[in-house]
Amino acid sequence: MAVRRAPAVTERDLWAQYPFLPGAEALIADYSPSLRELLDAPAFGGARELGRIRVRAAADDPSGTAALGELDRADPDLRFLSFMYARLLVSVAATSAPGRRWSVAEARRAAERLDRVAERLPEEFVGVTRLLEFPAEESGTGYRFTLPDYLRLAAGLREPEFRLVRQRLARGQVEVAPAQAARLVQEGIRTRLAGSLPAEIGAEVRNRLEANEVDFLRDLAQRVPLPTQRRGVLVLRAEYFPPCIRKMRRMLEGGENLAHSGRFALAAFLHRVGADFDTIVDAYRGAPDFDENISRYQIEHITQRDGGRGYEPPTCETLRSQGFCFRDGDPSAPRPEDRARDERCFEPSLVRPTQYYRLKGGTAVERPAAEAAAGAPTPPATRPRSDGPG
Ligand code: SF4
């Protein structure tokens, strides 16, 4: 790896660039206001506004690729404090979707810098990975990760270049090129941020924040909407979605990869329960390989079949064999209702997720099994990803 040394950043710059690193809060404690000051003091109005900008941008652009000029121009303290405020905001949002989008966007933002320093400033790259507890080592041409760390970091990546069979493996370590190393670290940051939400906030702070930000939180709920029904459908009830579908949506909103079979099942289900076309496309926006044109084409294919009735969603048995059935609960889910076993899923008559939706009181378009289409079409949103800034 040809290393052109870049000027080292100061410690304060470093924490502003990577505000999620363990110890960041303690290290800038001298500059930090109390939580109450951050919430209310006029002196920190700029940090609050920049925090709102971070959250709003993530809600509008879950791929996290949009530039944030205000953030780039802000001084290190303001950047750090705005990150802290943004984390508070997504923690009191009405649903977990804004937090998942924010995690994707913040990880992506950090990766833009990591992609550069992986080539030019290996000390910084290695230092960040150490603090994140998946330490990378310089190898001369790239970086090495221990096999367990590699497997953990690459678990959510669908790009073929991250398959283990394609890696150079020696003495229990996996060696990757700098760009791949940056992508792995980005994924590690995303899962770390998503896993830290919602932040633990006392009732007093929560009430104050919700009161101060009532307009912002209302606007945020509209920017990350619940599914909307298409014309002619009486009402679409997202709260009636079964555990498998809720899990698929959480994965995509959180920037995780969803296997092709899951993508197909989700699109087919959403169409059958009456989601409008744009809502179905929107469900895939958080996917790391999201491509608007490809998604639209493929969703159109799934939903327009059979005069617009669309493909039949897979049976529960099929979803179970593919690892998508979460009737026993999802231990990693942030909401208690998603972690709990769902008795409705154990009803003997239940064959498909759309039946679950109807059992709960929703209206889904079903058709006789004999008419069900053979074979699943290509699922939405599959573009080979080459991450990092150009
Ligand atoms: S039983 Fe069926 S509806 Fe319930 S989570 Fe499993 S696959 Fe989904």
# chains A, B, ... in the order shown; residues from 1 in each chain; ligands from 1
$ select_by_dssp --residues "stretch 105-207 of chain A" --states "alpha helix (DSSP H)" --output "ChimeraX atom specification"
/A:105-120,122-131,147-154,178-195,203-207
$ write_last_selection --atoms "C-alpha atoms" --output "JSON list (two decimals), in the first residue's frame"
[["chain", "number", "residue", "atom", "x", "y", "z"],
["A", 105, "ALA", "CA", -26.23, 7.91, 7.28],
["A", 106, "GLU", "CA", -23.76, 8.52, 10.13],
["A", 107, "ALA", "CA", -21.83, 5.34, 9.31],
["A", 108, "ARG", "CA", -21.70, 6.34, 5.69],
["A", 109, "ARG", "CA", -20.44, 9.81, 6.61],
["A", 110, "ALA", "CA", -17.66, 8.37, 8.77],
["A", 111, "ALA", "CA", -16.77, 5.93, 5.99],
["A", 112, "GLU", "CA", -16.10, 8.76, 3.55],
["A", 113, "ARG", "CA", -13.20, 9.80, 5.74],
["A", 114, "LEU", "CA", -12.17, 6.23, 6.57],
["A", 115, "ASP", "CA", -11.98, 5.42, 2.89],
["A", 116, "ARG", "CA", -9.39, 8.18, 2.46],
["A", 117, "VAL", "CA", -7.39, 7.48, 5.60],
["A", 118, "ALA", "CA", -7.26, 3.74, 4.88],
["A", 119, "GLU", "CA", -4.99, 4.67, 1.96],
["A", 120, "ARG", "CA", -3.22, 7.72, 3.30],
["A", 122, "PRO", "CA", -3.12, 4.09, 8.37],
["A", 123, "GLU", "CA", -2.37, 5.19, 11.97],
["A", 124, "GLU", "CA", -5.78, 6.87, 12.13],
["A", 125, "PHE", "CA", -7.53, 3.93, 10.49],
["A", 126, "VAL", "CA", -5.95, 1.39, 12.80],
["A", 127, "GLY", "CA", -6.61, 3.62, 15.83],
["A", 128, "VAL", "CA", -10.31, 3.88, 15.01],
["A", 129, "THR", "CA", -10.68, 0.13, 14.54],
["A", 130, "ARG", "CA", -8.94, -0.48, 17.89],
["A", 131, "LEU", "CA", -11.33, 1.83, 19.68],
["A", 147, "LEU", "CA", -11.36, -14.20, 11.23],
["A", 148, "PRO", "CA", -14.06, -13.75, 13.93],
["A", 149, "ASP", "CA", -13.97, -9.96, 13.45],
["A", 150, "TYR", "CA", -14.13, -10.34, 9.68],
["A", 151, "LEU", "CA", -17.10, -12.68, 9.88],
["A", 152, "ARG", "CA", -18.91, -10.34, 12.26],
["A", 153, "LEU", "CA", -18.27, -7.26, 10.12],
["A", 154, "ALA", "CA", -19.07, -8.92, 6.80],
["A", 178, "PRO", "CA", -7.98, -0.59, 1.98],
["A", 179, "ALA", "CA", -11.34, 0.17, 0.29],
["A", 180, "GLN", "CA", -12.78, -3.13, 1.50],
["A", 181, "ALA", "CA", -11.43, -2.49, 4.99],
["A", 182, "ALA", "CA", -13.21, 0.89, 5.05],
["A", 183, "ARG", "CA", -16.46, -0.75, 3.95],
["A", 184, "LEU", "CA", -16.17, -3.34, 6.72],
["A", 185, "VAL", "CA", -15.58, -0.62, 9.30],
["A", 186, "GLN", "CA", -18.57, 1.32, 7.96],
["A", 187, "GLU", "CA", -20.73, -1.73, 8.58],
["A", 188, "GLY", "CA", -19.28, -2.08, 12.07],
["A", 189, "ILE", "CA", -20.12, 1.56, 12.84],
["A", 190, "ARG", "CA", -23.66, 1.16, 11.52],
["A", 191, "THR", "CA", -24.41, -1.86, 13.66],
["A", 192, "ARG", "CA", -22.83, -0.18, 16.68],
["A", 193, "LEU", "CA", -24.95, 2.95, 16.27],
["A", 194, "ALA", "CA", -28.15, 1.06, 15.53],
["A", 195, "GLY", "CA", -27.54, -1.19, 18.51],
["A", 203, "ALA", "CA", -38.33, 10.67, 31.94],
["A", 204, "GLU", "CA", -37.67, 14.34, 32.71],
["A", 205, "VAL", "CA", -35.27, 14.80, 29.79],
["A", 206, "ARG", "CA", -37.54, 12.85, 27.48],
["A", 207, "ASN", "CA", -40.56, 14.99, 28.36]]
$ residues_near_ligand --ligand "ligand 1" --cutoff "12 Å" --atoms "only C-alpha atoms and all ligand atoms" --output "PyMOL selection string"
chain A and resi 240-248+262+265-266+269+313-330+338-360
$ residues_around --residues "stretch 81-95 of chain A" --least-positions-apart "6" --cutoff "9 Å" --atoms "only C-alpha atoms" --output "NGL selection string"
:A and (16 or 19-20 or 32-33 or 38-39 or 44 or 46-55 or 71 or 102 or 106 or 197-201 or 206 or 209-210 or 213 or 217-218 or 220-221 or 224)
$ write_last_selection --atoms "N, CA and C atoms" --output "CSV table (one decimal), in the first residue's frame"
chain,number,residue,atom,x,y,z
A,16,ALA,N,-14.7,14.8,16.6
A,16,ALA,CA,-15.8,15.4,15.8
A,16,ALA,C,-16.1,14.5,14.6
A,19,PRO,N,-17.7,10.7,16.3
A,19,PRO,CA,-18.3,11.0,17.6
A,19,PRO,C,-18.9,9.8,18.3
A,20,PHE,N,-19.0,8.7,17.6
A,20,PHE,CA,-19.5,7.5,18.2
A,20,PHE,C,-18.5,6.6,18.9
A,32,SER,N,-18.1,20.2,26.9
A,32,SER,CA,-19.5,19.8,26.8
A,32,SER,C,-20.4,20.5,27.8
A,33,PRO,N,-21.5,20.8,27.3
A,33,PRO,CA,-22.5,21.4,28.3
A,33,PRO,C,-23.2,20.2,29.0
A,38,LEU,N,-27.7,21.5,26.8
A,38,LEU,CA,-27.8,21.2,25.4
A,38,LEU,C,-29.3,21.2,24.9
A,39,LEU,N,-30.2,20.9,25.8
A,39,LEU,CA,-31.6,20.9,25.4
A,39,LEU,C,-32.2,22.3,25.4
A,44,PHE,N,-26.5,26.9,22.8
A,44,PHE,CA,-26.4,25.6,22.1
A,44,PHE,C,-27.5,25.5,21.0
A,46,GLY,N,-27.3,26.4,18.1
A,46,GLY,CA,-26.6,26.0,16.8
A,46,GLY,C,-26.4,24.5,16.8
A,47,ALA,N,-26.0,23.9,17.9
A,47,ALA,CA,-25.8,22.5,18.0
A,47,ALA,C,-27.1,21.7,17.8
A,48,ARG,N,-28.2,22.3,18.4
A,48,ARG,CA,-29.5,21.7,18.2
A,48,ARG,C,-30.0,21.7,16.8
A,49,GLU,N,-29.8,22.9,16.2
A,49,GLU,CA,-30.2,23.0,14.8
A,49,GLU,C,-29.4,22.0,13.9
A,50,LEU,N,-28.1,21.9,14.1
A,50,LEU,CA,-27.3,21.0,13.3
A,50,LEU,C,-27.7,19.6,13.6
A,51,GLY,N,-28.1,19.3,14.8
A,51,GLY,CA,-28.6,17.9,15.1
A,51,GLY,C,-29.8,17.6,14.3
A,52,ARG,N,-30.8,18.6,14.3
A,52,ARG,CA,-32.0,18.4,13.5
A,52,ARG,C,-31.7,18.2,12.0
A,53,ILE,N,-30.7,18.9,11.5
A,53,ILE,CA,-30.3,18.8,10.1
A,53,ILE,C,-29.8,17.4,9.8
A,54,ARG,N,-29.0,16.9,10.8
A,54,ARG,CA,-28.5,15.5,10.6
A,54,ARG,C,-29.6,14.5,10.5
A,55,VAL,N,-30.5,14.6,11.4
A,55,VAL,CA,-31.6,13.6,11.5
A,55,VAL,C,-32.5,13.8,10.2
A,71,LEU,N,-22.7,20.8,8.1
A,71,LEU,CA,-21.9,20.0,9.0
A,71,LEU,C,-20.4,20.1,8.6
A,102,TRP,N,-30.8,7.1,10.5
A,102,TRP,CA,-29.7,8.0,11.0
A,102,TRP,C,-28.4,7.1,11.2
A,106,GLU,N,-24.9,8.1,9.4
A,106,GLU,CA,-23.8,8.5,10.1
A,106,GLU,C,-22.6,7.6,9.8
A,197,LEU,N,-29.3,2.3,20.1
A,197,LEU,CA,-30.6,3.1,20.1
A,197,LEU,C,-31.7,2.2,20.6
A,198,PRO,N,-32.7,2.8,21.3
A,198,PRO,CA,-32.8,4.2,21.7
A,198,PRO,C,-31.8,4.4,22.9
A,199,ALA,N,-31.3,5.7,23.0
A,199,ALA,CA,-30.5,6.0,24.1
A,199,ALA,C,-31.3,6.0,25.4
A,200,GLU,N,-30.6,5.7,26.5
A,200,GLU,CA,-31.3,5.7,27.7
A,200,GLU,C,-31.5,7.1,28.2
A,201,ILE,N,-32.7,7.5,28.3
A,201,ILE,CA,-33.0,8.9,28.6
A,201,ILE,C,-34.0,8.9,29.7
A,206,ARG,N,-36.7,13.3,28.6
A,206,ARG,CA,-37.5,12.8,27.5
A,206,ARG,C,-38.7,13.8,27.3
A,209,LEU,N,-37.5,17.1,26.0
A,209,LEU,CA,-37.2,17.0,24.6
A,209,LEU,C,-38.4,16.9,23.7
A,210,GLU,N,-39.3,16.1,24.1
A,210,GLU,CA,-40.6,15.9,23.3
A,210,GLU,C,-41.3,17.3,23.2
A,213,GLU,N,-39.4,19.8,21.0
A,213,GLU,CA,-39.2,19.4,19.6
A,213,GLU,C,-40.5,18.8,19.0
A,217,LEU,N,-40.5,16.6,15.6
A,217,LEU,CA,-40.9,15.2,15.7
A,217,LEU,C,-42.1,14.8,14.8
A,218,ARG,N,-43.0,15.8,14.8
A,218,ARG,CA,-44.2,15.6,13.9
A,218,ARG,C,-43.7,15.5,12.4
A,220,LEU,N,-40.8,14.8,11.3
A,220,LEU,CA,-40.0,13.6,11.1
A,220,LEU,C,-40.9,12.4,10.9
A,221,ALA,N,-42.0,12.3,11.6
A,221,ALA,CA,-42.9,11.1,11.4
A,221,ALA,C,-43.5,11.1,10.0
A,224,VAL,N,-40.6,9.9,7.5
A,224,VAL,CA,-40.4,8.5,7.5
A,224,VAL,C,-41.7,7.8,7.7
